[in-house]
>>> print(open('structure-v8.cif').read())   # mmCIF, C-alpha atoms
data_entry
#
loop_
_atom_site.label_atom_id
_atom_site.label_comp_id
_atom_site.auth_asym_id
_atom_site.auth_seq_id
_atom_site.Cartn_x
_atom_site.Cartn_y
_atom_site.Cartn_z
CA MET A 1 -35.84 8.91 -107.90
CA THR A 2 -38.90 10.74 -109.19
CA THR A 3 -41.50 8.12 -109.96
CA LEU A 4 -44.29 10.33 -111.32
CA LEU A 5 -44.01 11.51 -114.91
CA ALA A 6 -45.09 15.05 -115.74
CA GLY A 7 -48.83 15.19 -116.31
CA ILE A 8 -49.72 12.37 -113.91
CA GLU A 9 -51.39 13.07 -110.57
CA ALA A 10 -51.27 10.69 -107.59
CA THR A 11 -54.16 10.66 -105.14
CA ALA A 12 -55.16 8.58 -102.12
CA VAL A 13 -58.72 7.25 -102.29
CA ALA A 14 -60.27 6.08 -99.02
CA THR A 15 -62.92 3.39 -99.45
CA ASP A 16 -64.79 1.09 -97.09
CA ARG A 17 -62.15 -1.57 -97.85
CA LEU A 18 -58.78 0.21 -98.00
CA THR A 19 -56.94 3.40 -98.79
CA ALA A 20 -55.77 3.00 -102.36
CA SER A 21 -53.21 4.99 -104.30
CA VAL A 22 -54.53 6.01 -107.70
CA LEU A 23 -52.70 7.66 -110.58
CA ARG A 24 -54.98 9.92 -112.60
CA ARG A 25 -54.97 11.93 -115.80
CA ASP A 26 -57.83 13.99 -117.15
CA GLY A 27 -59.42 13.61 -120.56
CA GLU A 28 -62.74 13.35 -122.37
CA GLY A 29 -65.12 10.41 -122.49
CA THR A 30 -65.63 7.20 -120.57
CA PRO A 31 -62.68 6.62 -118.23
CA VAL A 32 -60.08 3.92 -118.70
CA VAL A 33 -59.17 1.95 -115.57
CA LEU A 34 -55.77 0.25 -115.62
CA ILE A 35 -55.01 -2.73 -113.36
CA HIS A 36 -51.38 -3.80 -113.00
CA GLY A 37 -49.95 -7.28 -112.58
CA ASN A 38 -47.94 -9.09 -109.95
CA VAL A 39 -44.63 -7.59 -108.75
CA SER A 40 -45.42 -4.22 -110.31
CA SER A 41 -47.63 -1.19 -109.69
CA SER A 42 -49.54 1.58 -111.40
CA LEU A 43 -46.24 3.23 -112.32
CA PHE A 44 -45.92 0.89 -115.30
CA PHE A 45 -48.93 2.54 -116.96
CA GLN A 46 -47.78 6.16 -116.96
CA PRO A 47 -46.59 6.45 -120.59
CA LEU A 48 -49.83 4.85 -121.78
CA MET A 49 -51.89 7.22 -119.65
CA LEU A 50 -50.06 10.20 -121.12
CA ALA A 51 -50.82 8.92 -124.63
CA LEU A 52 -54.57 8.51 -124.07
CA PRO A 53 -57.02 11.36 -124.77
CA ARG A 54 -59.51 9.85 -122.33
CA PRO A 55 -59.53 10.17 -118.54
CA SER A 56 -57.44 7.36 -117.10
CA LEU A 57 -56.91 5.86 -113.66
CA ALA A 58 -54.27 3.34 -112.63
CA ILE A 59 -54.99 1.74 -109.26
CA ASP A 60 -52.34 0.25 -106.99
CA LEU A 61 -53.61 -3.08 -105.72
CA ARG A 62 -53.31 -3.89 -102.01
CA GLY A 63 -49.69 -4.54 -101.08
CA PHE A 64 -48.30 -2.77 -104.16
CA GLY A 65 -47.29 0.79 -104.96
CA ASP A 66 -48.51 3.27 -102.38
CA SER A 67 -51.75 1.47 -101.53
CA GLU A 68 -52.44 0.12 -98.07
CA THR A 69 -50.79 -3.19 -97.20
CA LEU A 70 -53.56 -5.64 -96.37
CA PRO A 71 -53.49 -9.44 -96.40
CA VAL A 72 -54.60 -11.33 -99.50
CA ASP A 73 -57.06 -14.12 -98.75
CA ALA A 74 -56.11 -16.54 -101.51
CA THR A 75 -59.21 -18.68 -100.94
CA ARG A 76 -61.14 -15.84 -102.62
CA GLY A 77 -59.03 -16.06 -105.78
CA MET A 78 -58.87 -12.56 -107.31
CA ARG A 79 -61.77 -11.22 -105.26
CA ASP A 80 -59.78 -9.29 -102.64
CA PHE A 81 -58.26 -7.31 -105.51
CA SER A 82 -61.39 -6.95 -107.65
CA ASP A 83 -63.50 -5.90 -104.66
CA ASP A 84 -60.87 -3.26 -103.88
CA VAL A 85 -61.00 -1.95 -107.46
CA ALA A 86 -64.79 -1.81 -107.33
CA SER A 87 -64.64 0.08 -104.03
CA VAL A 88 -62.32 2.69 -105.58
CA LEU A 89 -64.61 3.19 -108.57
CA ASP A 90 -67.64 3.45 -106.28
CA ALA A 91 -65.84 6.00 -104.07
CA LEU A 92 -64.96 8.08 -107.12
CA GLY A 93 -68.51 7.91 -108.49
CA ILE A 94 -67.49 6.07 -111.66
CA ALA A 95 -70.49 4.11 -112.88
CA ALA A 96 -68.77 2.31 -115.76
CA ALA A 97 -65.30 2.20 -117.30
CA HIS A 98 -63.18 0.57 -119.94
CA VAL A 99 -61.08 -1.87 -117.92
CA VAL A 100 -57.52 -2.79 -118.92
CA GLY A 101 -55.83 -5.62 -117.00
CA TRP A 102 -52.24 -6.76 -117.38
CA SER A 103 -51.11 -10.27 -116.34
CA MET A 104 -52.54 -10.86 -112.83
CA GLY A 105 -54.48 -7.65 -113.42
CA GLY A 106 -56.21 -9.41 -116.30
CA GLY A 107 -57.50 -11.95 -113.78
CA VAL A 108 -58.65 -9.11 -111.55
CA ALA A 109 -60.47 -7.56 -114.51
CA MET A 110 -62.25 -10.84 -115.32
CA GLN A 111 -63.25 -11.24 -111.67
CA LEU A 112 -64.61 -7.69 -111.73
CA LEU A 113 -66.75 -8.65 -114.72
CA LEU A 114 -68.08 -11.64 -112.81
CA ASP A 115 -68.96 -9.73 -109.64
CA ARG A 116 -69.63 -6.16 -110.83
CA PRO A 117 -70.56 -6.32 -114.52
CA ASP A 118 -72.16 -2.89 -114.21
CA LEU A 119 -68.69 -1.34 -113.93
CA VAL A 120 -67.23 -2.92 -117.08
CA ARG A 121 -67.90 -1.21 -120.43
CA SER A 122 -65.17 -3.17 -122.22
CA LEU A 123 -62.24 -5.45 -121.35
CA THR A 124 -58.68 -5.25 -122.60
CA LEU A 125 -56.60 -8.16 -121.32
CA GLN A 126 -52.84 -8.06 -121.83
CA ALA A 127 -51.05 -11.36 -121.14
CA PRO A 128 -53.78 -12.36 -118.65
CA VAL A 129 -53.52 -15.16 -116.13
CA PRO A 130 -55.28 -18.20 -117.66
CA PRO A 131 -58.96 -18.20 -116.67
CA GLN A 132 -58.60 -21.66 -115.11
CA GLY A 133 -55.77 -20.50 -112.85
CA PHE A 134 -52.41 -22.25 -112.63
CA GLY A 135 -52.01 -26.01 -112.20
CA THR A 136 -54.44 -27.46 -114.72
CA ARG A 137 -54.59 -29.67 -117.78
CA LEU A 138 -55.64 -28.32 -121.15
CA ASP A 139 -59.31 -28.93 -120.35
CA GLY A 140 -59.01 -26.90 -117.14
CA SER A 141 -59.10 -29.85 -114.74
CA LEU A 142 -56.63 -29.94 -111.85
CA CYS A 143 -53.52 -32.05 -112.36
CA THR A 144 -53.69 -32.97 -108.66
CA PRO A 145 -56.44 -32.20 -106.15
CA ASP A 146 -54.15 -29.86 -104.21
CA ALA A 147 -52.72 -28.13 -107.32
CA ALA A 148 -49.22 -29.39 -106.58
CA GLY A 149 -46.44 -27.22 -108.00
CA THR A 150 -48.39 -23.97 -107.69
CA GLY A 151 -48.61 -21.21 -105.09
CA GLY A 152 -46.25 -19.49 -102.72
CA GLY A 153 -44.01 -22.51 -102.19
CA GLY A 154 -42.69 -22.19 -105.73
CA ALA A 155 -41.32 -18.66 -105.44
CA ASN A 156 -37.61 -18.02 -105.83
CA ALA A 157 -36.50 -17.22 -102.28
CA ASP A 158 -33.55 -15.11 -103.41
CA PHE A 159 -35.80 -13.01 -105.66
CA VAL A 160 -38.19 -12.45 -102.74
CA ALA A 161 -35.29 -11.44 -100.49
CA ARG A 162 -33.94 -9.03 -103.09
CA LEU A 163 -37.37 -7.44 -103.47
CA ALA A 164 -37.56 -6.96 -99.71
CA ALA A 165 -34.04 -5.49 -99.65
CA GLY A 166 -34.76 -3.02 -102.44
CA ASP A 167 -32.09 -4.43 -104.75
CA THR A 168 -31.73 -2.27 -107.90
CA THR A 169 -28.73 -4.11 -109.36
CA ALA A 170 -28.53 -6.66 -112.13
CA ASP A 171 -25.85 -8.62 -110.28
CA GLU A 172 -27.70 -11.94 -110.23
CA PRO A 173 -30.34 -13.64 -112.39
CA SER A 174 -32.73 -13.32 -109.41
CA SER A 175 -32.21 -9.55 -109.03
CA PRO A 176 -35.44 -7.70 -109.86
CA ARG A 177 -33.75 -5.78 -112.68
CA SER A 178 -32.50 -9.04 -114.19
CA VAL A 179 -35.96 -10.59 -113.84
CA TYR A 180 -37.48 -7.57 -115.58
CA ARG A 181 -35.04 -7.90 -118.48
CA SER A 182 -35.44 -11.67 -118.83
CA SER A 183 -39.16 -12.05 -118.17
CA TYR A 184 -41.14 -8.82 -118.45
CA VAL A 185 -39.93 -7.90 -121.93
CA ALA A 186 -38.52 -9.69 -124.96
CA PRO A 187 -34.74 -10.20 -125.11
CA GLY A 188 -32.88 -7.07 -126.12
CA PHE A 189 -35.65 -4.58 -125.37
CA GLU A 190 -34.50 -1.31 -123.83
CA ASP A 191 -36.19 1.97 -123.01
CA GLU A 192 -35.44 5.08 -120.99
CA HIS A 193 -37.72 4.10 -118.10
CA GLU A 194 -36.04 0.92 -116.85
CA ASP A 195 -35.16 2.48 -113.49
CA LEU A 196 -38.82 3.41 -113.05
CA TRP A 197 -39.98 -0.11 -113.87
CA VAL A 198 -37.57 -1.55 -111.30
CA ALA A 199 -38.73 1.00 -108.72
CA SER A 200 -42.29 -0.15 -109.41
CA MET A 201 -41.37 -3.80 -108.87
CA LEU A 202 -39.70 -2.91 -105.58
CA THR A 203 -42.96 -1.55 -104.15
CA THR A 204 -44.13 -5.18 -103.79
CA ARG A 205 -44.70 -6.07 -100.13
CA THR A 206 -43.33 -9.47 -99.24
CA GLY A 207 -44.50 -12.11 -96.78
CA VAL A 208 -46.99 -14.92 -96.37
CA ASP A 209 -49.97 -12.55 -96.61
CA ASN A 210 -48.72 -10.77 -99.72
CA TYR A 211 -45.96 -11.87 -102.10
CA PRO A 212 -45.43 -14.74 -102.49
CA GLY A 213 -47.78 -16.22 -99.88
CA ASP A 214 -47.56 -19.50 -98.01
CA GLY A 215 -47.21 -23.05 -99.23
CA VAL A 216 -48.01 -26.51 -97.98
CA ALA A 217 -46.37 -29.90 -98.39
CA SER A 218 -47.77 -32.25 -101.01
CA GLU A 219 -47.48 -35.98 -101.59
CA SER A 220 -47.46 -35.21 -105.30
CA TRP A 221 -44.43 -34.03 -107.28
CA PRO A 222 -42.70 -31.58 -106.80
CA GLY A 223 -43.53 -31.85 -103.08
CA PHE A 224 -45.43 -28.62 -102.42
CA ALA A 225 -48.87 -27.22 -103.20
CA ALA A 226 -50.84 -24.02 -102.92
CA GLY A 227 -51.58 -22.55 -99.52
CA ASP A 228 -54.43 -20.23 -98.61
CA ARG A 229 -52.63 -16.91 -98.07
CA GLY A 230 -50.94 -14.47 -100.36
CA ILE A 231 -50.69 -13.60 -104.01
CA LEU A 232 -49.32 -16.67 -105.78
CA ASN A 233 -51.91 -18.87 -104.10
CA SER A 234 -54.70 -16.56 -105.26
CA MET A 235 -53.82 -17.48 -108.87
CA SER A 236 -53.62 -21.22 -108.25
CA ALA A 237 -56.39 -23.32 -109.74
CA LYS A 238 -56.98 -24.55 -106.20
CA HIS A 239 -58.73 -21.22 -105.62
CA LEU A 240 -59.16 -19.44 -108.96
CA ASP A 241 -61.73 -20.13 -111.67
CA LEU A 242 -62.69 -17.28 -113.98
CA THR A 243 -64.36 -19.42 -116.64
CA GLY A 244 -67.74 -18.16 -115.41
CA ILE A 245 -67.29 -15.14 -117.67
CA VAL A 246 -68.77 -17.39 -120.38
CA ASP A 247 -72.11 -17.22 -118.58
CA VAL A 248 -72.39 -13.51 -117.69
CA ALA A 249 -75.59 -11.99 -119.05
CA GLU A 250 -74.05 -8.89 -120.62
CA LYS A 251 -70.79 -9.66 -122.37
CA PRO A 252 -68.52 -6.68 -123.06
CA ALA A 253 -66.17 -7.00 -126.02
CA ILE A 254 -62.73 -8.40 -125.12
CA LEU A 255 -59.46 -7.29 -126.68
CA TRP A 256 -56.79 -9.90 -125.89
CA VAL A 257 -53.23 -8.73 -126.47
CA ARG A 258 -50.20 -10.94 -125.97
CA GLY A 259 -46.54 -11.03 -126.93
CA ALA A 260 -45.16 -13.90 -128.97
CA HIS A 261 -42.12 -14.04 -126.68
CA ASP A 262 -43.98 -13.92 -123.35
CA ALA A 263 -41.82 -15.77 -120.83
CA ILE A 264 -44.44 -15.77 -118.07
CA VAL A 265 -47.84 -16.55 -119.59
CA GLY A 266 -47.46 -18.98 -122.45
CA ASP A 267 -47.74 -22.58 -123.51
CA GLU A 268 -44.94 -24.42 -121.66
CA SER A 269 -43.84 -21.34 -119.73
CA PHE A 270 -40.67 -21.74 -117.69
CA PHE A 271 -42.59 -20.16 -114.79
CA ASP A 272 -44.54 -23.46 -114.71
CA PHE A 273 -42.98 -26.20 -112.58
CA HIS A 274 -44.29 -28.85 -114.98
CA THR A 275 -42.30 -27.25 -117.78
CA LEU A 276 -39.23 -27.07 -115.53
CA GLY A 277 -39.63 -30.76 -114.78
CA LYS A 278 -40.08 -31.72 -118.42
CA HIS A 279 -36.81 -29.99 -119.30
CA GLY A 280 -34.91 -31.56 -116.41
CA ILE A 281 -34.48 -28.33 -114.44
CA VAL A 282 -36.46 -29.73 -111.50
CA PRO A 283 -35.71 -33.43 -110.98
CA GLY A 284 -38.19 -36.25 -110.61
CA TRP A 285 -40.80 -35.10 -113.13
CA PRO A 286 -43.47 -37.85 -113.31
CA GLY A 287 -44.19 -37.31 -117.03
CA GLU A 288 -46.79 -35.78 -119.35
CA ASP A 289 -49.71 -37.81 -118.06
CA ALA A 290 -49.27 -36.78 -114.43
CA ALA A 291 -47.75 -33.31 -114.81
CA PRO A 292 -48.26 -31.84 -118.30
CA PRO A 293 -46.84 -28.37 -118.93
CA GLN A 294 -49.77 -25.97 -118.85
CA GLN A 295 -51.06 -24.74 -122.21
CA MET A 296 -51.97 -21.27 -120.93
CA VAL A 297 -52.55 -19.57 -124.28
CA ALA A 298 -54.58 -22.46 -125.66
CA GLN A 299 -56.69 -22.54 -122.50
CA THR A 300 -57.37 -18.82 -122.63
CA ARG A 301 -58.35 -19.02 -126.30
CA ALA A 302 -60.71 -21.93 -125.60
CA VAL A 303 -62.53 -19.95 -122.88
CA PHE A 304 -62.77 -16.87 -125.09
CA GLU A 305 -64.15 -19.03 -127.93
CA ARG A 306 -66.85 -20.24 -125.57
CA TYR A 307 -67.47 -16.61 -124.54
CA ALA A 308 -67.97 -15.69 -128.20
CA ALA A 309 -70.18 -18.71 -128.86
CA ALA A 310 -72.38 -17.62 -125.93
CA GLY A 311 -72.98 -14.19 -127.46
CA GLY A 312 -69.85 -12.21 -126.63
CA SER A 313 -66.93 -11.26 -128.82
CA TYR A 314 -63.16 -11.22 -128.57
CA GLU A 315 -60.18 -10.26 -130.68
CA GLU A 316 -56.75 -11.85 -130.21
CA VAL A 317 -53.79 -9.71 -131.26
CA VAL A 318 -50.23 -11.06 -131.12
CA PHE A 319 -47.28 -8.67 -130.94
CA GLU A 320 -44.70 -10.74 -132.79
CA HIS A 321 -41.65 -9.01 -131.32
CA ALA A 322 -42.91 -8.44 -127.77
CA GLY A 323 -42.74 -10.35 -124.51
CA HIS A 324 -44.98 -9.99 -121.45
CA SER A 325 -45.44 -6.20 -121.79
CA PRO A 326 -46.64 -5.13 -125.26
CA HIS A 327 -47.81 -1.77 -123.87
CA LEU A 328 -44.16 -0.99 -123.07
CA GLU A 329 -42.50 -2.76 -125.97
CA ASP A 330 -44.64 -1.38 -128.81
CA PRO A 331 -46.53 1.51 -127.18
CA GLU A 332 -47.84 3.17 -130.34
CA ARG A 333 -49.35 -0.03 -131.69
CA PHE A 334 -50.85 -0.84 -128.31
CA ARG A 335 -52.31 2.68 -128.02
CA THR A 336 -53.84 2.49 -131.52
CA LEU A 337 -55.42 -0.90 -130.83
CA LEU A 338 -56.76 0.19 -127.47
CA LEU A 339 -58.30 3.43 -128.77
CA ALA A 340 -59.98 1.58 -131.62
CA HIS A 341 -61.39 -0.95 -129.16
CA LEU A 342 -62.67 1.78 -126.86
CA ALA A 343 -64.28 3.70 -129.70
CA ALA A 344 -66.09 0.57 -130.89
CA THR A 345 -67.44 -0.18 -127.41
CA ASP A 346 -68.49 3.28 -126.14
#
>>> encode(input="structure-v8.cif", output="structure tokens")
Amino acid sequence: MTTLLAGIEATAVATDRLTASVLRRDGEGTPVVLIHGNVSSSLFFQPLMLALPRPSLAIDLRGFGDSETLPVDATRGMRDFSDDVASVLDALGIAAAHVVGWSMGGGVAMQLLLDRPDLVRSLTLQAPVPPQGFGTRLDGSLCTPDAAGTGGGGANADFVARLAAGDTTADEPSSPRSVYRSSYVAPGFEDEHEDLWVASMLTTRTGVDNYPGDGVASESWPGFAAGDRGILNSMSAKHLDLTGIVDVAEKPAILWVRGAHDAIVGDESFFDFHTLGKHGIVPGWPGEDAAPPQQMVAQTRAVFERYAAAGGSYEEVVFEHAGHSPHLEDPERFRTLLLAHLAATD
């Protein structure tokens, strides 16, 4: 199928780190840089790019889309990805941009702020990974020293196999199309681009160095913990801590957008093994004290409150009828919010 919408240009950008695929659209003003999430690619941003009057760039992260497949060193948290993004902007001569990060891409955007604050004019974070990473209590402390229940060992093996096989059906709950319908958007949402979204998901490279990564045995429930390679481990609290954004010297304004029906990033998400244990889906749960379901939204809000108290600012906007992808589910509202945020931060 044709994956590029009319008006979008795809280019390969060679940097000192990788050759990255970048979707581009011209416009006026400070550019908008769009960073996709896990099991997706830049293709998900095309309608938004077409709706923006500003120049926009959507970058395929390593191992996604048409970018080079390189290993992800999970011990660096989001840094392999954020360093790649910085290298693309440097290669293109972009000194500063409005950065939009979705899901895992929100973590990449926060890491970019930590390491290259010069590049970040403003931040828009849609359903971002919690700043503490996955596997923590409400206060951000690890539930177990090895972050048991997080990382590559928790991936659905059939979903991974179907990604690798290029499955476009909705035959099983673990088919990528079924996962898109059940987890990326709120129940009942439909649009004309579903085939394109599935094609984007299927660009995900699988394996221990990419998605989902490796895992290790754990003495703690549920018997596995985060490894050191690949994508899911890079978001484990064993390796990821983005709370340092509270202490950056120059604090760009943050727009935080989330859907009320987000199945992936939420308080007691069913993508969290502790939630699965609490509801009896995974047996042997040791209880709230040992393995509390992660309060992802509450944690994110607490970090952003500290960010504001330290001199920054943030706005939280909830799309009441949306899931994990407000920019797809209510595109006009998302566009209006984003443009207002960009205008206020130019």
>>> closest_atom_pairs(input="structure-v8.cif", of="range 7-73 of chain A", to="range 118-125 of chain A", cutoff="10 Å", atoms="all atoms listed in the file", output="JSON lines")
{"residue": "A:Thr30", "atom": "CA", "partner": "A:Arg121", "partner_atom": "CA", "distance": 8.7}
{"residue": "A:Pro31", "atom": "CA", "partner": "A:Arg121", "partner_atom": "CA", "distance": 9.7}
{"residue": "A:Val32", "atom": "CA", "partner": "A:Ser122", "partner_atom": "CA", "distance": 9.4}
{"residue": "A:Val33", "atom": "CA", "partner": "A:Val120", "partner_atom": "CA", "distance": 9.5}
{"residue": "A:Leu34", "atom": "CA", "partner": "A:Thr124", "partner_atom": "CA", "distance": 9.4}
{"residue": "A:Ile35", "atom": "CA", "partner": "A:Leu125", "partner_atom": "CA", "distance": 9.8}
>>> resolve_selection(input="structure-v8.cif", expression="the PyMOL selection byres ((chain A and resi 65-80) around 8)", output="ChimeraX atom specification")
/A:12,18-21,40-43,60-64,81-84,107-108,111-112,200,203-205,209-210,227-231,233-236,239-241
>>> write_last_selection(input="structure-v8.cif", atoms="C-alpha atoms", output="PDB file, in the coordinates of the input")
ATOM      1  CA  ALA A  12     -55.160   8.580-102.120  1.00  0.00           C
ATOM      2  CA  LEU A  18     -58.780   0.210 -98.000  1.00  0.00           C
ATOM      3  CA  THR A  19     -56.940   3.400 -98.790  1.00  0.00           C
ATOM      4  CA  ALA A  20     -55.770   3.000-102.360  1.00  0.00           C
ATOM      5  CA  SER A  21     -53.210   4.990-104.300  1.00  0.00           C
ATOM      6  CA  SER A  40     -45.420  -4.220-110.310  1.00  0.00           C
ATOM      7  CA  SER A  41     -47.630  -1.190-109.690  1.00  0.00           C
ATOM      8  CA  SER A  42     -49.540   1.580-111.400  1.00  0.00           C
ATOM      9  CA  LEU A  43     -46.240   3.230-112.320  1.00  0.00           C
ATOM     10  CA  ASP A  60     -52.340   0.250-106.990  1.00  0.00           C
ATOM     11  CA  LEU A  61     -53.610  -3.080-105.720  1.00  0.00           C
ATOM     12  CA  ARG A  62     -53.310  -3.890-102.010  1.00  0.00           C
ATOM     13  CA  GLY A  63     -49.690  -4.540-101.080  1.00  0.00           C
ATOM     14  CA  PHE A  64     -48.300  -2.770-104.160  1.00  0.00           C
ATOM     15  CA  PHE A  81     -58.260  -7.310-105.510  1.00  0.00           C
ATOM     16  CA  SER A  82     -61.390  -6.950-107.650  1.00  0.00           C
ATOM     17  CA  ASP A  83     -63.500  -5.900-104.660  1.00  0.00           C
ATOM     18  CA  ASP A  84     -60.870  -3.260-103.880  1.00  0.00           C
ATOM     19  CA  GLY A 107     -57.500 -11.950-113.780  1.00  0.00           C
ATOM     20  CA  VAL A 108     -58.650  -9.110-111.550  1.00  0.00           C
ATOM     21  CA  GLN A 111     -63.250 -11.240-111.670  1.00  0.00           C
ATOM     22  CA  LEU A 112     -64.610  -7.690-111.730  1.00  0.00           C
ATOM     23  CA  SER A 200     -42.290  -0.150-109.410  1.00  0.00           C
ATOM     24  CA  THR A 203     -42.960  -1.550-104.150  1.00  0.00           C
ATOM     25  CA  THR A 204     -44.130  -5.180-103.790  1.00  0.00           C
ATOM     26  CA  ARG A 205     -44.700  -6.070-100.130  1.00  0.00           C
ATOM     27  CA  ASP A 209     -49.970 -12.550 -96.610  1.00  0.00           C
ATOM     28  CA  ASN A 210     -48.720 -10.770 -99.720  1.00  0.00           C
ATOM     29  CA  GLY A 227     -51.580 -22.550 -99.520  1.00  0.00           C
ATOM     30  CA  ASP A 228     -54.430 -20.230 -98.610  1.00  0.00           C
ATOM     31  CA  ARG A 229     -52.630 -16.910 -98.070  1.00  0.00           C
ATOM     32  CA  GLY A 230     -50.940 -14.470-100.360  1.00  0.00           C
ATOM     33  CA  ILE A 231     -50.690 -13.600-104.010  1.00  0.00           C
ATOM     34  CA  ASN A 233     -51.910 -18.870-104.100  1.00  0.00           C
ATOM     35  CA  SER A 234     -54.700 -16.560-105.260  1.00  0.00           C
ATOM     36  CA  MET A 235     -53.820 -17.480-108.870  1.00  0.00           C
ATOM     37  CA  SER A 236     -53.620 -21.220-108.250  1.00  0.00           C
ATOM     38  CA  HIS A 239     -58.730 -21.220-105.620  1.00  0.00           C
ATOM     39  CA  LEU A 240     -59.160 -19.440-108.960  1.00  0.00           C
ATOM     40  CA  ASP A 241     -61.730 -20.130-111.670  1.00  0.00           C
TER      41      ASP A 241
END
>>> residues_around(input="structure-v8.cif", residues="range 2-6 of chain A", least_positions_apart="2", cutoff="9 Å", atoms="only C-alpha atoms", output="ChimeraX atom specification")
/A:8-10,23,43,46-47,50,196,199-200
>>> atom_distance(input="structure-v8.cif", atom1="CA of Leu142 in chain A", atom2="CA of Tyr211 in chain A")
23.1 Å
>>> residues_around(input="structure-v8.cif", residues="range 263-277 of chain A", least_positions_apart="3", cutoff="7 Å", atoms="all atoms listed in the file", output="MDAnalysis selection string")
chainID A and resid 127 129 149 183 280:283 285 291:297 323:324
>>> atom_distance(input="structure-v8.cif", atom1="CA of Asp139 in chain A", atom2="CA of Asp262 in chain A")
21.7 Å
>>> atom_distance(input="structure-v8.cif", atom1="CA of Asp26 in chain A", atom2="CA of Ile94 in chain A")
13.6 Å
>>> closest_residue(input="structure-v8.cif", among="A:Thr11, A:Ser56, A:Thr136, A:Asn38", to="Arg25 in chain A", atoms="all atoms listed in the file")
A:Ser56
>>> closest_residue(input="structure-v8.cif", among="A:Leu242, A:Ala109, A:Ala217, A:Val160", to="Asp146 in chain A", atoms="all atoms listed in the file")
A:Ala217
>>> closest_residue(input="structure-v8.cif", among="A:Gly106, A:Gly284, A:Gly311, A:Gly154", to="Val248 in chain A", atoms="only C-alpha atoms")
A:Gly311
>>> closest_atom_pairs(input="structure-v8.cif", of="range 73-169 of chain A", to="range 178-182 of chain A", cutoff="10 Å", atoms="only C-alpha atoms", output="Markdown table")
| residue | atom | partner | partner_atom | distance |
| --- | --- | --- | --- | --- |
| A:Phe159 | CA | A:Val179 | CA | 8.5 |
| A:Thr168 | CA | A:Ser178 | CA | 9.3 |
| A:Thr169 | CA | A:Ser178 | CA | 7.9 |
>>> residues_around(input="structure-v8.cif", residues="Thr336 in chain A", least_positions_apart="4", cutoff="12 Å", atoms="all atoms listed in the file", output="ChimeraX atom specification")
/A:48,51-53,327,330-332,340-343
>>> resolve_selection(input="structure-v8.cif", expression="the PyMOL selection byres ((chain A and resi 88-92) around 8)", output="compact mmCIF listing (two decimals) with C-alpha atoms, keeping the file's coordinate frame")
# COMPACT_ATOMS: atom_id res chain seq x y z
CA VAL A 13 -58.72 7.25 -102.29
CA ALA A 14 -60.27 6.08 -99.02
CA THR A 15 -62.92 3.39 -99.45
CA ALA A 20 -55.77 3.00 -102.36
CA ASP A 84 -60.87 -3.26 -103.88
CA VAL A 85 -61.00 -1.95 -107.46
CA ALA A 86 -64.79 -1.81 -107.33
CA SER A 87 -64.64 0.08 -104.03
CA GLY A 93 -68.51 7.91 -108.49
CA ILE A 94 -67.49 6.07 -111.66
CA ALA A 95 -70.49 4.11 -112.88
>>> axis_aligned_box(input="structure-v8.cif", around="range 177-195 of chain A", padding_each_side="5 Å", output="AutoDock Vina command-line options")
--center_x -36.8 --center_y -3.5 --center_z -119.4 --size_x 18.6 --size_y 27.1 --size_z 23.4
>>> resolve_selection(input="structure-v8.cif", expression="the PyMOL selection byres ((chain A and resi 103) around 7)", output="ChimeraX atom specification")
/A:37,101-102,104-106,126-129
>>> closest_residue(input="structure-v8.cif", among="A:Ala310, A:Leu328, A:Ala165, A:Val246", to="Phe44 in chain A", atoms="only C-alpha atoms")
A:Leu328
>>> residues_around(input="structure-v8.cif", residues="Phe319 in chain A", least_positions_apart="4", cutoff="7 Å", atoms="only C-alpha atoms", output="number ranges by chain")
A: 258-260, 326
>>> decode(input="structure-v8.cif", residues="range 160-181 of chain A", atoms="C-alpha atoms", output="CSV table (one decimal), in the first residue's frame")
chain,number,residue,atom,x,y,z
A,160,VAL,CA,5.8,-10.2,18.7
A,161,ALA,CA,5.6,-13.2,16.3
A,162,ARG,CA,2.7,-11.6,14.4
A,163,LEU,CA,4.6,-8.3,14.1
A,164,ALA,CA,7.6,-10.2,12.6
A,165,ALA,CA,5.3,-12.1,10.2
A,166,GLY,CA,3.6,-8.9,9.0
A,167,ASP,CA,0.2,-10.0,10.1
A,168,THR,CA,-2.5,-7.5,8.9
A,169,THR,CA,-5.5,-9.4,10.1
A,170,ALA,CA,-7.7,-9.0,13.2
A,171,ASP,CA,-8.0,-12.8,13.6
A,172,GLU,CA,-6.7,-12.9,17.2
A,173,PRO,CA,-6.6,-10.5,20.1
A,174,SER,CA,-2.8,-10.5,19.7
A,175,SER,CA,-2.9,-9.5,16.0
A,176,PRO,CA,-1.4,-6.0,15.5
A,177,ARG,CA,-4.7,-4.7,14.1
A,178,SER,CA,-6.6,-6.0,17.1
A,179,VAL,CA,-4.1,-4.5,19.5
A,180,TYR,CA,-4.4,-1.1,17.7
A,181,ARG,CA,-8.2,-1.3,18.1
